[in-house]
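A.B. asks: Dropping in entry-v2.pdb, which is PDB, C-alpha atoms:
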```
ATOM      1  CA  MET A   1      76.037 208.085  11.517  1.00  0.00           C
ATOM      2  CA  ASN A   2      75.592 211.527  10.164  1.00  0.00           C
ATOM      3  CA  GLU A   3      77.216 212.870   7.017  1.00  0.00           C
ATOM      4  CA  ASN A   4      80.211 214.401   8.820  1.00  0.00           C
ATOM      5  CA  GLU A   5      80.952 211.158  10.652  1.00  0.00           C
ATOM      6  CA  LEU A   6      80.772 209.224   7.386  1.00  0.00           C
ATOM      7  CA  LYS A   7      83.139 211.692   5.734  1.00  0.00           C
ATOM      8  CA  SER A   8      85.540 211.255   8.638  1.00  0.00           C
ATOM      9  CA  VAL A   9      85.435 207.461   8.314  1.00  0.00           C
ATOM     10  CA  ILE A  10      85.985 207.714   4.558  1.00  0.00           C
ATOM     11  CA  ALA A  11      88.956 210.010   5.093  1.00  0.00           C
ATOM     12  CA  GLN A  12      90.488 207.565   7.579  1.00  0.00           C
ATOM     13  CA  LEU A  13      89.985 204.672   5.181  1.00  0.00           C
ATOM     14  CA  GLU A  14      91.520 206.632   2.313  1.00  0.00           C
ATOM     15  CA  SER A  15      94.505 207.394   4.512  1.00  0.00           C
ATOM     16  CA  ARG A  16      94.932 203.701   5.344  1.00  0.00           C
ATOM     17  CA  VAL A  17      94.689 202.766   1.668  1.00  0.00           C
ATOM     18  CA  ASP A  18      97.366 205.340   0.817  1.00  0.00           C
ATOM     19  CA  TYR A  19      99.632 203.950   3.537  1.00  0.00           C
ATOM     20  CA  LEU A  20      99.127 200.348   2.412  1.00  0.00           C
ATOM     21  CA  GLU A  21      99.741 201.246  -1.224  1.00  0.00           C
ATOM     22  CA  ALA A  22     102.996 202.957  -0.255  1.00  0.00           C
ATOM     23  CA  GLU A  23     104.093 199.957   1.822  1.00  0.00           C
ATOM     24  CA  PHE A  24     103.158 197.565  -0.992  1.00  0.00           C
ATOM     25  CA  ALA A  25     105.176 199.619  -3.501  1.00  0.00           C
ATOM     26  CA  HIS A  26     108.158 199.747  -1.137  1.00  0.00           C
ATOM     27  CA  LEU A  27     108.058 195.985  -0.553  1.00  0.00           C
ATOM     28  CA  ASP A  28     107.753 195.376  -4.293  1.00  0.00           C
ATOM     29  CA  GLN A  29     110.754 197.620  -4.947  1.00  0.00           C
ATOM     30  CA  MET A  30     112.877 195.868  -2.306  1.00  0.00           C
ATOM     31  CA  LEU A  31     111.999 192.447  -3.720  1.00  0.00           C
ATOM     32  CA  ARG A  32     112.991 193.577  -7.210  1.00  0.00           C
ATOM     33  CA  LYS A  33     116.359 194.767  -5.873  1.00  0.00           C
ATOM     34  CA  PHE A  34     116.783 191.427  -4.107  1.00  0.00           C
ATOM     35  CA  GLY A  35     116.334 189.545  -7.382  1.00  0.00           C
ATOM     36  CA  PHE A  36     112.618 188.902  -7.748  1.00  0.00           C
ATOM     37  CA  ASP A  37     112.219 190.225 -11.296  1.00  0.00           C
ATOM     38  CA  GLU A  38     108.518 191.031 -10.974  1.00  0.00           C
ATOM     39  CA  GLY A  39     108.563 191.846  -7.274  1.00  0.00           C
ATOM     40  CA  ILE A  40     105.669 190.556  -5.206  1.00  0.00           C
ATOM     41  CA  LYS A  41     104.278 188.565  -8.138  1.00  0.00           C
ATOM     42  CA  THR A  42     107.541 186.619  -8.488  1.00  0.00           C
ATOM     43  CA  LEU A  43     107.749 186.102  -4.729  1.00  0.00           C
ATOM     44  CA  ALA A  44     104.241 184.637  -4.680  1.00  0.00           C
ATOM     45  CA  GLU A  45     105.083 182.297  -7.565  1.00  0.00           C
ATOM     46  CA  THR A  46     108.279 181.190  -5.835  1.00  0.00           C
ATOM     47  CA  LEU A  47     106.444 180.481  -2.585  1.00  0.00           C
ATOM     48  CA  ASN A  48     103.768 178.487  -4.413  1.00  0.00           C
ATOM     49  CA  GLU A  49     106.455 176.384  -6.093  1.00  0.00           C
ATOM     50  CA  ALA A  50     108.183 175.810  -2.747  1.00  0.00           C
ATOM     51  CA  MET A  51     104.906 174.685  -1.172  1.00  0.00           C
ATOM     52  CA  GLN A  52     104.302 172.255  -4.044  1.00  0.00           C
ATOM     53  CA  ILE A  53     107.794 170.806  -3.628  1.00  0.00           C
ATOM     54  CA  GLU A  54     107.213 170.459   0.108  1.00  0.00           C
ATOM     55  CA  GLN A  55     103.947 168.604  -0.515  1.00  0.00           C
ATOM     56  CA  LEU A  56     105.673 166.228  -2.934  1.00  0.00           C
ATOM     57  CA  PHE A  57     108.472 165.677  -0.427  1.00  0.00           C
ATOM     58  CA  ARG A  58     105.970 164.882   2.326  1.00  0.00           C
ATOM     59  CA  ARG A  59     104.199 162.378   0.088  1.00  0.00           C
ATOM     60  CA  ASP A  60     107.477 160.656  -0.792  1.00  0.00           C
ATOM     61  CA  THR A  61     108.654 160.417   2.802  1.00  0.00           C
ATOM     62  CA  SER A  62     105.336 159.152   4.133  1.00  0.00           C
ATOM     63  CA  LYS A  63     105.541 155.936   2.071  1.00  0.00           C
TER
END
```
Let me see the structure of the file written as structure tokens.

C.D. replies:
Amino acid sequence: MNENELKSVIAQLESRVDYLEAEFAHLDQMLRKFGFDEGIKTLAETLNEAMQIEQLFRRDTSK
């Protein structure tokens, strides 16, 4: 690739990063409004807890 092609690829990647950052911020904001105090971080913690409970439940029911 020549320099102009590389600059074009970089510009496209920067555009994608900007889009993803905006989507991430929007999702985080919606989660906070829905009751997840720290947004995506709280959602991830909640999902991890739910998966741990599910694993415990599966162990208990497999006996």

A.B. asks: Quick one: residues within 12 Å of Lys41 of chain A, only C-alpha atoms counted, chain neighbours fewer than 2 positions away excluded, as a PDB file with C-alpha atoms, in the coordinates of the input?

C.D. replies:
```
ATOM      1  CA  PHE A  24     103.158 197.565  -0.992  1.00  0.00           C
ATOM      2  CA  LEU A  27     108.058 195.985  -0.553  1.00  0.00           C
ATOM      3  CA  ASP A  28     107.753 195.376  -4.293  1.00  0.00           C
ATOM      4  CA  GLN A  29     110.754 197.620  -4.947  1.00  0.00           C
ATOM      5  CA  LEU A  31     111.999 192.447  -3.720  1.00  0.00           C
ATOM      6  CA  ARG A  32     112.991 193.577  -7.210  1.00  0.00           C
ATOM      7  CA  PHE A  36     112.618 188.902  -7.748  1.00  0.00           C
ATOM      8  CA  ASP A  37     112.219 190.225 -11.296  1.00  0.00           C
ATOM      9  CA  GLU A  38     108.518 191.031 -10.974  1.00  0.00           C
ATOM     10  CA  GLY A  39     108.563 191.846  -7.274  1.00  0.00           C
ATOM     11  CA  LEU A  43     107.749 186.102  -4.729  1.00  0.00           C
ATOM     12  CA  ALA A  44     104.241 184.637  -4.680  1.00  0.00           C
ATOM     13  CA  GLU A  45     105.083 182.297  -7.565  1.00  0.00           C
ATOM     14  CA  THR A  46     108.279 181.190  -5.835  1.00  0.00           C
ATOM     15  CA  LEU A  47     106.444 180.481  -2.585  1.00  0.00           C
ATOM     16  CA  ASN A  48     103.768 178.487  -4.413  1.00  0.00           C
TER      17      ASN A  48
END
```

A.B. asks: What's the separation between atom CA of Leu56 of chain A and atom CA of Phe34 of chain A, in Å to one decimal place?

C.D. replies: 27.6 Å

A.B. asks: In Å, how far is it from atom CA of His26 of chain A to atom CA of Val9 of chain A?

C.D. replies: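 A separation of 25.8 Å between them.
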
A.B. asks: Just the number, please: distance in Å from atom CA of Thr42 of chain A to atom CA of Met30 of chain A, one decimal.

C.D. replies: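 Separation between atom CA of Thr42 of chain A and atom CA of Met30 of chain A: 12.3 Å.
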
A.B. asks: Centre and edge lengths, as AutoDock Vina command-line options, for the axis-aligned box enclosing every listed atom of segment 36-40 of chain A with 8 Å of padding on each of the six sides, in Å to one decimal?

C.D. replies:
```
--center_x 109.1 --center_y 190.4 --center_z -8.3 --size_x 22.9 --size_y 18.9 --size_z 22.1
```
